[in-house]
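Asks: First the structure, which I've put down as structure tokens, then a few questions once you've had a look.
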Amino acid sequence: MLLARCVATARTAGLSSWLRQPVTIKLLVRRPTKLVGVTLSLVAAPLIRQVQCKKAPIADVSKRAQHLAEVYANEKEPTLSWADLWQLLKPYLAWLMGAVISAVGVALLNIRLPILLGELVNVMADFVNNSGQLDTAALTPVAVKLISCYGGQAILTFAYITFLSVLGERMATDLRQMLFSRLLHQDMAFYDAQRTGELSARLSNDVQEFKSSFKLCVAQGLRTIAQTGGCVVSLYLISPKMTLVTLSTLPLLIAAGSIMGSLLRALSRKAQAQNAIAQSIAEEAFANIRTVRSFAMEDSEERLFEREVRKAQQLNEILGVGIGIFQGATNFVLNGIVLGVLYGGSKMILTQEITAGDLMSFLVTAQTIQRSLGQLSVVFGQAVKGWTAGARVFEFIHLQPTIPLKGGKRIPHHALLGTIKFDNVCFTYPTRPGQVVLEDLNLDVAPGTVVALCGPSGGGKSTIAALLERFYEPNSGQISIDGHDIRTLDPEWLRGQAIGLISQEPVLFATTIAENIRYGRSDATDEEVREAARLANAHEFVTGFPQGYNTVVGERGVTLSGGQKQRVAIARALLKNPPILILDEATSALDAESERLVRDALDRAVQGRTVLVIAHRLSTIQNSDQIMIIKGKRVAEAGTHKQLLKKKGLYWDLVQSQTALD
Ligand SMILES: Nc1ncnc2c1ncn2[C@@H]1O[C@H](COP(=O)(O)OP(=O)(O)OP(=O)(O)O)[C@@H](O)[C@H]1O
């Protein structure tokens, strides 16, 4: 095919006629140039095609991870206080005490067991040496003690594991609930700055890590500490002098341990932050899977995730090495101490301060301590991780929102007219303090009227709606409803009953249609839900589904069309029956038929309410009682459609641009 194309192209280039022509200088120069050009293009075209057909190179999406890393690097290190821990443990003190007593009991039995075994060996050695007969009278008490000890150990082990499991699970549940509740209460500005992946990482991974570490620390830590304490007493009984000399090394050990501990904590924090970055990337990819798919970015996302997960792996490996060094060094130092005891002890034997038997007992007990401390260093490594995880959880639990969710005045439903007033409102978003969005904005909305807010994109229309719902506080100025400053009104009442918001991209929950509509008012009857759906032009399509109102809509309502989602959202808002309604470009994302249905529903919805319509379409704008053009951080023009048309100016420009759109 390529060859055929070559020939054809050569023909069009006039190869045969060129060959038949008389040779001139001009011809010699011009035609070969043309031919070379054609030949080159013949060769180049498939190559270019091939290059174009090749899959686009994987885009560099690393900035996302880089941005996340910067966010984490700028965070200050969260801390966990003993008071936090106490607050968490207080309701479960009985379980904790049960666990502590059982764990210490197991430890004490562990100290007792070797002694009993020794006694048993002595009794057996006695009858082997002396009579050769089994002396059951001497053997039975020791055997009974030993069996009771084993039995006690089994029961206590069962008890402390059970107590700890109950305690750990209840504490983790409380922690999750506390964190979730505190997160739900945070200001919108907090959510503007946070990532959902990070929040869910704290809610699941960090709480899990904290719980496991706590259980391990109480179980193993307590046992080993009790064991060590018991052995130190035994040591003291054998030789007070040698015990005190050995213990004098403790402050040095503790100091070294603390330094190492803080290094490990820093490492652990880094590793956990990196885990959260990887999780954020995965969650974002899942949440935006349609965008990922439609841009064929699976490979890029995969690469990005792999890179970040590998970084997390490396940091965790370094942390593992750090913990390994710590444990190795601890063992080395402890062995050194045992050696030192041997050296000092042999000198004491020479000076007849202790017997060789005492030295032997001292060494065996010291070795038990050494083993316990070795285990303790493992516990310590885990404690570092748990402490960091706990600190990350409590960091958000301690965060105080600036706008409360509850508390304040409520205007009775029958007395609420729905007058809205913005007085010299200035506002900048907390996450972008350098950009003034509204400056001395004044706005008056009479009760029961429909006011269209229009104007250029980014002018601040949605911001006005957000301020009215008190998602943010204005920097200065006042917003009032029926003359009441909204800061004095109960936000729960304001958002839950006074104002209904229908936005451009309504989000539904992954449950049935009925439940999604009932989100507007949880005590609504089935008939009220249906009535709201009828008003919102949703009843017909809902009953067309095989499962009707019990149809599950998928995550964020993904299994419904845009228009259907919008109508369910309108039904949800109508069920609330709010005196003030905000329609934030509620129909702009719909096709003509869906828009007709939705607009029809909205026309019914606005009856008898004060309505703020954030509108782009001329048909919506001109049907409003009043039009306000938001431009230059304030209301640039206001009036009815007719009044503004007379003035021409800004509104005229808008009408011109919108006519084409409509
Ligand atoms: N959460 C936020 N944090 C920081 N800045 C924001 C936030 N939301 C909006 N902005 C900025 O505030 C300005 C006003 O945005 P707003 O959404 O109110 O405009 P709009 O008039 O509704 O625009 P559009 O018609 O395009 O929806 C814009 O410059 C926008 O970038």
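Scheme for the structure tokens: letters A, B, ... for chains in order shown; per-chain residue numbers from 1; ligand numbers from 1 in order shown.
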With only C-alpha atoms counted and 9 Å as the cut-off, give the residues of stretch 183-216 of chain A in contact with stretch 167-173 of chain A, each with its shortest interatomic distance in Å and the pair that gives it, as JSON lines.
Replies:
```
{"residue": "A:Val207", "atom": "CA", "partner": "A:Ala172", "partner_atom": "CA", "distance": 6.2}
{"residue": "A:Gln208", "atom": "CA", "partner": "A:Ala172", "partner_atom": "CA", "distance": 7.2}
{"residue": "A:Phe210", "atom": "CA", "partner": "A:Ala172", "partner_atom": "CA", "distance": 8.0}
{"residue": "A:Lys211", "atom": "CA", "partner": "A:Gly168", "partner_atom": "CA", "distance": 5.7}
{"residue": "A:Ser212", "atom": "CA", "partner": "A:Gly168", "partner_atom": "CA", "distance": 7.7}
{"residue": "A:Phe214", "atom": "CA", "partner": "A:Gly168", "partner_atom": "CA", "distance": 7.3}
{"residue": "A:Lys215", "atom": "CA", "partner": "A:Gly168", "partner_atom": "CA", "distance": 6.4}
```
Asks: All residues within 7 Å of ligand 1 are required, counting only C-alpha atoms and all ligand atoms; please report them as JSON, numbers by chain.
Replies: {"A": [189, 192, 429, 431, 432, 437, 455, 456, 457, 458, 459, 460, 461, 462, 463, 464]}
Asks: Tell me which protein, DNA and RNA residues are within 8 Å of stretch 470-473 of chain A, counting only C-alpha atoms, leaving out same-chain ones fewer than 2 positions away, and put them as a short mmCIF file (atom, residue, chain, number, x, y, z; two decimals) with C-alpha atoms, in the first residue's frame.
Replies:
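Wrote it out as result_29.cif, contents follow:
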```
data_model
loop_
_atom_site.label_atom_id
_atom_site.label_comp_id
_atom_site.auth_asym_id
_atom_site.auth_seq_id
_atom_site.Cartn_x
_atom_site.Cartn_y
_atom_site.Cartn_z
CA ASP A 187 -15.36 24.48 59.63
CA MET A 188 -15.66 24.37 55.86
CA ALA A 189 -12.24 26.05 55.73
CA ILE A 403 -18.38 28.18 63.77
CA PHE A 427 -14.85 38.29 52.73
CA TYR A 429 -11.50 32.56 51.99
CA ALA A 466 -22.08 29.91 51.29
CA LEU A 467 -21.98 32.96 53.57
CA LEU A 468 -25.77 32.96 53.92
CA ASN A 475 -14.28 39.25 57.73
CA ILE A 486 -27.13 35.09 61.42
CA PRO A 491 -26.79 27.12 62.68
#
```
Asks: Can you tell me which residues surround stretch 217-225 of chain A at a distance of at most 6 Å, considering only C-alpha atoms, apart from same-chain residues fewer than 4 positions away, and format the answer as a VMD selection string?
Replies: chain A and resid 103 to 104 107 213 372 379
Asks: May I have the residues within 8 Å of A:Ala514 as a list in words, using only C-alpha atoms and disregarding those fewer than 5 positions away in the same chain?
Replies: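 With the cut-off at 8 Å, the set is Asp526, Val529, Tyr549 and Asn550 of chain A.
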Asks: Those residues you just picked out, can you put them in a file as a PDB file, in the first residue's frame with N, CA and C atoms?
Replies:
```pdb
ATOM      1  N   ASP A 526     -43.797   7.906  54.228  1.00  0.00           N
ATOM      2  CA  ASP A 526     -43.602   7.462  52.837  1.00  0.00           C
ATOM      3  C   ASP A 526     -44.416   8.329  51.890  1.00  0.00           C
ATOM      4  N   VAL A 529     -42.743  11.575  51.274  1.00  0.00           N
ATOM      5  CA  VAL A 529     -41.597  11.384  50.371  1.00  0.00           C
ATOM      6  C   VAL A 529     -42.101  11.341  48.925  1.00  0.00           C
ATOM      7  N   TYR A 549     -38.963   3.224  44.605  1.00  0.00           N
ATOM      8  CA  TYR A 549     -38.285   4.080  45.595  1.00  0.00           C
ATOM      9  C   TYR A 549     -37.179   3.342  46.337  1.00  0.00           C
ATOM     10  N   ASN A 550     -37.161   2.006  46.192  1.00  0.00           N
ATOM     11  CA  ASN A 550     -36.109   1.238  46.874  1.00  0.00           C
ATOM     12  C   ASN A 550     -34.885   1.035  45.993  1.00  0.00           C
TER      13      ASN A 550
END
```
Asks: Determine, counting only C-alpha atoms, which protein, DNA and RNA residues have an atom within 7 Å of an atom of A:Val613; residues of the same chain fewer than 3 positions away are not included. Present the result as a list in words.
Replies: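 Selected residues are Val451, Ala452, Leu453, Ile582, Leu583 and Asp584 of chain A.
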Asks: Which of stretch 122-254 of chain A end up as alpha helix (DSSP H) when DSSP is run on this backbone - answer as a PyMOL selection string?
Replies: chain A and resi 122-129+136-184+188-193+196-201+207-216+222-238+240-247+250-254
Asks: What are the closest atom pairs, with distances in Å to one decimal, for each residue of stretch 446-473 of chain A lying within 6 Å of stretch 591-611 of chain A, using only C-alpha atoms, rows by chain and rising residue number, as a tab-separated table?
Replies:
```
residue	atom	partner	partner_atom	distance
A:Pro447	CA	A:Thr610	CA	5.3
A:Gly448	CA	A:Thr610	CA	4.2
A:Thr449	CA	A:Thr610	CA	5.0
A:Val450	CA	A:Val611	CA	4.6
```
Asks: Could you write those residues out with C-alpha atoms, as a PDB file, in the first residue's frame?
Replies:
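Listed below is the output, part12.pdb:
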```pdb
ATOM      1  CA  PRO A 447     -39.414  38.204  51.492  1.00  0.00           C
ATOM      2  CA  GLY A 448     -41.176  35.917  49.031  1.00  0.00           C
ATOM      3  CA  THR A 449     -39.258  37.223  46.012  1.00  0.00           C
ATOM      4  CA  VAL A 450     -37.047  35.459  43.522  1.00  0.00           C
TER       5      VAL A 450
END
```
Asks: Near A:Arg556, counting only C-alpha atoms, which residues have an atom at most 9 Å away, once you skip same-chain residues fewer than 6 positions from it, shown as a PyMOL selection string?
Replies: chain A and resi 506-510
Asks: Just checking: using only C-alpha atoms, which residue out of A:Ile369, A:Leu109, A:Glu306, A:Thr291 ends up closest to A:Cys231?
Replies: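 For A:Cys231, the nearest of the given residues is A:Ile369.
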Asks: Using only C-alpha atoms, what does the table of stretch 521-546 of chain A residues within 10 Å of stretch 566-574 of chain A look like, with each row giving the shortest atom pair and its distance in Å to one decimal, sorted by chain and ascending number, as JSON lines?
Replies:
```
{"residue": "A:Arg521", "atom": "CA", "partner": "A:Arg572", "partner_atom": "CA", "distance": 7.9}
{"residue": "A:Val529", "atom": "CA", "partner": "A:Ala571", "partner_atom": "CA", "distance": 7.8}
{"residue": "A:Arg530", "atom": "CA", "partner": "A:Ala571", "partner_atom": "CA", "distance": 8.7}
{"residue": "A:Glu531", "atom": "CA", "partner": "A:Ala571", "partner_atom": "CA", "distance": 8.5}
{"residue": "A:Ala532", "atom": "CA", "partner": "A:Ala571", "partner_atom": "CA", "distance": 4.9}
{"residue": "A:Ala533", "atom": "CA", "partner": "A:Ala571", "partner_atom": "CA", "distance": 5.0}
{"residue": "A:Arg534", "atom": "CA", "partner": "A:Ala571", "partner_atom": "CA", "distance": 8.0}
{"residue": "A:Leu535", "atom": "CA", "partner": "A:Ala571", "partner_atom": "CA", "distance": 7.0}
{"residue": "A:Ala536", "atom": "CA", "partner": "A:Ala571", "partner_atom": "CA", "distance": 5.1}
{"residue": "A:Asn537", "atom": "CA", "partner": "A:Arg567", "partner_atom": "CA", "distance": 6.5}
{"residue": "A:Ala538", "atom": "CA", "partner": "A:Arg567", "partner_atom": "CA", "distance": 5.6}
{"residue": "A:His539", "atom": "CA", "partner": "A:Val568", "partner_atom": "CA", "distance": 9.1}
{"residue": "A:Phe541", "atom": "CA", "partner": "A:Arg567", "partner_atom": "CA", "distance": 9.9}
{"residue": "A:Val542", "atom": "CA", "partner": "A:Val568", "partner_atom": "CA", "distance": 9.1}
```
